[in-house]
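J.: I have a structure here, written as C-alpha cells, and I will follow up with some questions on it.
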Amino acid sequence: MALIIDTRTEPDRALALACETLEAGLPVAIPTETVYGLAADATNPDAIGRIYEMKGRPRFNPLICHVADFAMAERHVTFDPISRRLAEAFWPGPLTLILPLKGESAVHSLASAGLDTLGVRMPDGFSRAVIARFGRPLAAPSANTSGKISPTSAAHVEADLGDKLALILDDGPADIGLESTIVKVEGDEIRLLRPGGLDVADIERLTGRTVLRAETAGAAIEAPGMLASHYAPGAAVRLDATDVQPGEALIRFGGKPLPGEDKAALVLDLSPASDLREAAANLFAYMKQADASSAGTIAFGAIPNEGLGEAILDRLERAAAPRDGEAP
Ligand code: TXA
Ligand code: MG
C-alpha cells in the first residue's frame with residue numbers, strides 16, 4: 001500500500017521522501033493545481049515505463065514534462081516568441097505548450113513517445129517544489145488508470161492506484177480540478193489541442209489572436225491521448241438532461257431543480273451560483289460520487305459553453321462516448 005504524506009503538515013518529509021523515491025526510479029503521485037499527477041524522472045526510461053504500466057496507458061501517448069523554472073525548460077525545448085509570451089504570462093499554471101525538443105535534451109524518448117516535440121508545463125503548488133529539489137523534469141500524466149476519471153484528491157489516487165504506488169503526496173483538493181489547456185504554436189497560429197483549466201479567452205486576450213480549435217484547424221486528433229472515450233465512469237452518462245428518470249444520479253449546474261429529481265438516486269450541483277470555476281473544481285469528484293451511488297446512469301444538466309465550460313463539456317462528451325467493445 002502507498003504511504004500517504006500530508007504536504008501541509010510535513011512538507012520537509014514529503015519533499016525528502018519524494019526525491020528519494022524518484023531517484024530510485026519509482027513513480028510518485030504528486031499534487032498539482034490541475035489534477036494529481038503520476039510523476040517519474042523524465043530522463044529515466046525504467047521509471048517512465050513504470051508510469052505506462054501502472055496506468056495501463058498505450059505507449060504511443062506522450063507524457064507532459066513538468067519543469068520548475070524557465071532554465072529547466074530551456075535545457076529541453078526551444079521557445080518561439082508567442083509560446084514564450086504565453087509561458088511568461090501563465091506559468092506556473094494550467095497551460096501546457098507543445099514545443100520542439102532540443103537534440104541535447106536528456107528527456108527520454110519514452111516520455112515523448114518518440115515525437116520531436118515535448119509537452120511542457122510549469123505547475124503551481126507543491127509539485128513545483130518537488131521538481132526544483134529533484135532538479136530534473138518530471139514526466140507526469142494524470143494519476144489514474146488510463147481512460148478513467150482524473151484524480152483531484154489524494155484519496156482518489158489511493159482508491160485507483162494505491163496498491164501499485166509507493167508514495168502519494170496529499171496537498172488537499174486540487175484548486176482547478178481540470179487538466180491543463182494544451183496549445184501548440186505553429187508560425188503565427190495558436191492551435192488548441194485540449195481545452196482545460198486555462199480559459200482560451202485569456203490566451204486570446206493576451207495575444208490578440210484567435211485560438212484555432214481542432215475543427216477549424218482542419219486537424220485530426222493532435223494530442224494522441226485525446227481518445228474519444230475517456231474520463232469514463234462505470235455508469236452510463238446522459239448529457240443535456242432536462243428531466244431526471246427515477247433512480248438516475250443527477251449532476252446539475254446553476255441551482256435550478258429539474259423535473260423528476262425527487263426520485264433521483266442522488267442530486268449534486270456543480271455550482272449553485274453558476275460559477276464555472278467552482279464547477280470545474282467539483283466536476284471529477286462529483287462524477288466519482290455519482291458513479292459510486294446505486295445509479296446506472298448519470299444525467300448531467302446543461303452547462304454553458306463559455307469560459308471553462310468548454311473544457312467541462314469536452315470532458316463530459318468523452319465520458320458519454322461509446323466505450324471499447326460497445327456499439328457506437
Ligand atoms: O494538468 C495536466 O495536464 C495533468 C497534470 C498532471 O499536469 N497532466 C495530464 O497528463 O493531464 P495526461 O497524460 O493525462 O494528458 C496529456 C495529454 C495527452 O492527451 C497527450 O497525448 C498530450 O497531452 N501530449 C503530450 N505530449 C504531446 C506532444 N508532444 N504533442 C501532442 N500532444 C501531446
Ligand atoms: Mg489523463
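Here, A, B, ... name the chains of the C-alpha cells in the order displayed, residue numbers run from 1 inside each chain, and ligands are numbered from 1 in the same displayed order.
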Hey, which residues sit close to ligand 2? Say within 6 Å, counting only C-alpha atoms and all ligand atoms, and write them as number ranges by chain.

T.: A: 141-142, 150

J.: Residues within 12 Å of region 51-60 of chain A, please, as number ranges by chain. Count only C-alpha atoms; anything in the same chain fewer than 4 positions from it doesn't count.

T.: A: 22, 25-29, 37-42, 44-47, 109-115, 138-150, 157, 160-166, 223-227, 230

J.: Can you pull out the residues contacting Ile176 (chain A)? Cut-off 8 Å, using only C-alpha atoms, and skip same-chain residues under 4 positions away; I want them as a compact mmCIF listing (two decimals) with all heavy atoms, in the first residue's frame.

T.:
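And here's out_37.txt as it stands now:
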# COMPACT_ATOMS: atom_id res chain seq x y z
N GLU A 33 -1.96 21.91 -9.32
CA GLU A 33 -3.17 22.73 -9.21
C GLU A 33 -4.27 22.26 -10.15
O GLU A 33 -5.43 22.60 -9.97
CB GLU A 33 -2.81 24.20 -9.46
CG GLU A 33 -2.66 24.61 -10.93
CD GLU A 33 -1.29 24.22 -11.52
OE1 GLU A 33 -0.78 23.11 -11.23
OE2 GLU A 33 -0.75 25.03 -12.29
N THR A 34 -3.92 21.44 -11.16
CA THR A 34 -4.97 20.95 -12.07
C THR A 34 -5.56 19.65 -11.55
O THR A 34 -6.71 19.62 -11.11
CB THR A 34 -4.40 20.74 -13.49
OG1 THR A 34 -3.31 19.81 -13.43
CG2 THR A 34 -3.94 22.05 -14.10
N VAL A 35 -4.76 18.58 -11.60
CA VAL A 35 -5.18 17.27 -11.07
C VAL A 35 -3.93 16.64 -10.46
O VAL A 35 -2.82 17.14 -10.65
CB VAL A 35 -5.75 16.36 -12.18
CG1 VAL A 35 -6.99 16.97 -12.82
CG2 VAL A 35 -4.71 16.04 -13.25
N GLY A 197 -7.83 23.83 -17.94
CA GLY A 197 -8.00 24.73 -16.81
C GLY A 197 -7.68 26.19 -17.08
O GLY A 197 -8.02 27.05 -16.27
N ARG A 277 -15.77 28.17 -12.58
CA ARG A 277 -14.55 27.74 -11.88
C ARG A 277 -14.87 26.76 -10.76
O ARG A 277 -14.20 25.75 -10.59
CB ARG A 277 -13.81 28.94 -11.28
CG ARG A 277 -13.02 29.64 -12.30
CD ARG A 277 -12.23 30.81 -11.80
NE ARG A 277 -11.82 31.56 -12.95
CZ ARG A 277 -10.84 31.21 -13.77
NH1 ARG A 277 -10.10 30.16 -13.50
NH2 ARG A 277 -10.58 31.90 -14.85
N ALA A 280 -15.79 23.47 -12.34
CA ALA A 280 -14.62 22.70 -12.79
C ALA A 280 -13.95 22.00 -11.60
O ALA A 280 -13.58 20.83 -11.68
CB ALA A 280 -13.62 23.63 -13.47
N ALA A 281 -13.82 22.72 -10.51
CA ALA A 281 -13.15 22.14 -9.33
C ALA A 281 -13.93 20.96 -8.76
O ALA A 281 -13.36 20.03 -8.21
CB ALA A 281 -12.94 23.22 -8.27

J.: If you count only C-alpha atoms, which residues fall within 10 Å of Ser293 (chain A), apart from same-chain ones fewer than 6 positions away, as a ChimeraX atom specification?

T.: /A:235,247-249,265-266

J.: Calculate how many Å separate CA of Gly296 (chain A) from CA of Leu258 (chain A), rounding to one decimal.

T.: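 Atom-to-atom, CA of Gly296 (chain A) to CA of Leu258 (chain A), that is 18.5 Å.
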
J.: Using only C-alpha atoms, which residues sit within 8 Å of Ala236 (chain A) once same-chain residues fewer than 4 positions away are excluded, as a PyMOL selection string?

T.: chain A and resi 296-298+320

J.: If you keep C-alpha atoms, can you produce a file of those selected residues as a PDB file, in the first residue's frame?

T.:
ATOM      1  CA  GLY A 296     -26.877   3.030 -13.532  1.00  0.00           C
ATOM      2  CA  THR A 297     -26.980   6.366 -15.357  1.00  0.00           C
ATOM      3  CA  ILE A 298     -25.592   9.774 -14.509  1.00  0.00           C
ATOM      4  CA  ALA A 320     -20.545   9.938 -22.600  1.00  0.00           C
TER       5      ALA A 320
END

J.: Could you please determine the separation between atom 29 (N, counted along the ligand's line) of ligand 1 and CA of Asp199 (chain A) in Å, to one decimal place?

T.: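 Separating atom 29 (N, counted along the ligand's line) of ligand 1 from CA of Asp199 (chain A) is a distance of 20.9 Å.
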
J.: According to DSSP computed on the backbone, where in region 15-203 of chain A is there alpha helix (DSSP H)? Give the residues as a PyMOL selection string.

T.: chain A and resi 15-23+45-55+70-74+81-90+126-134+154-161+200-203

J.: Determine which residues of region 285-328 of chain A DSSP labels as strand (DSSP E or B) from the backbone of this structure, then write them out as a ChimeraX atom specification.

T.: /A:297-300

J.: Pick out the residues sitting within 8 Å of Leu283 (chain A), and hand them over as a list in words; count only C-alpha atoms, and ignore anything fewer than 6 positions along from it in its own chain.

T.: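 Contacts, with the query itself left out: Gly177, Leu270 and Ile312 of chain A.
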
J.: Output C-alpha atoms of each residue in that selection to a file, as a PDB file, in the first residue's frame.

T.:
ATOM      1  CA  GLY A 177      -9.820  20.342 -10.977  1.00  0.00           C
ATOM      2  CA  LEU A 270     -21.579  21.659  -9.630  1.00  0.00           C
ATOM      3  CA  ILE A 312     -16.012  20.818 -18.809  1.00  0.00           C
TER       4      ILE A 312
END

J.: Expressed in Å to a single decimal, how great is the separation between CA of Pro233 (chain A) and CA of Arg315 (chain A)?

T.: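 It comes out at 11.4 Å.
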
J.: Which one is closest to ligand 1: A:Leu212, A:Ile98, A:Ala2, A:Val183? Count only C-alpha atoms and all ligand atoms.

T.: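 Closest residue, counting only C-alpha atoms and all ligand atoms: A:Ile98.
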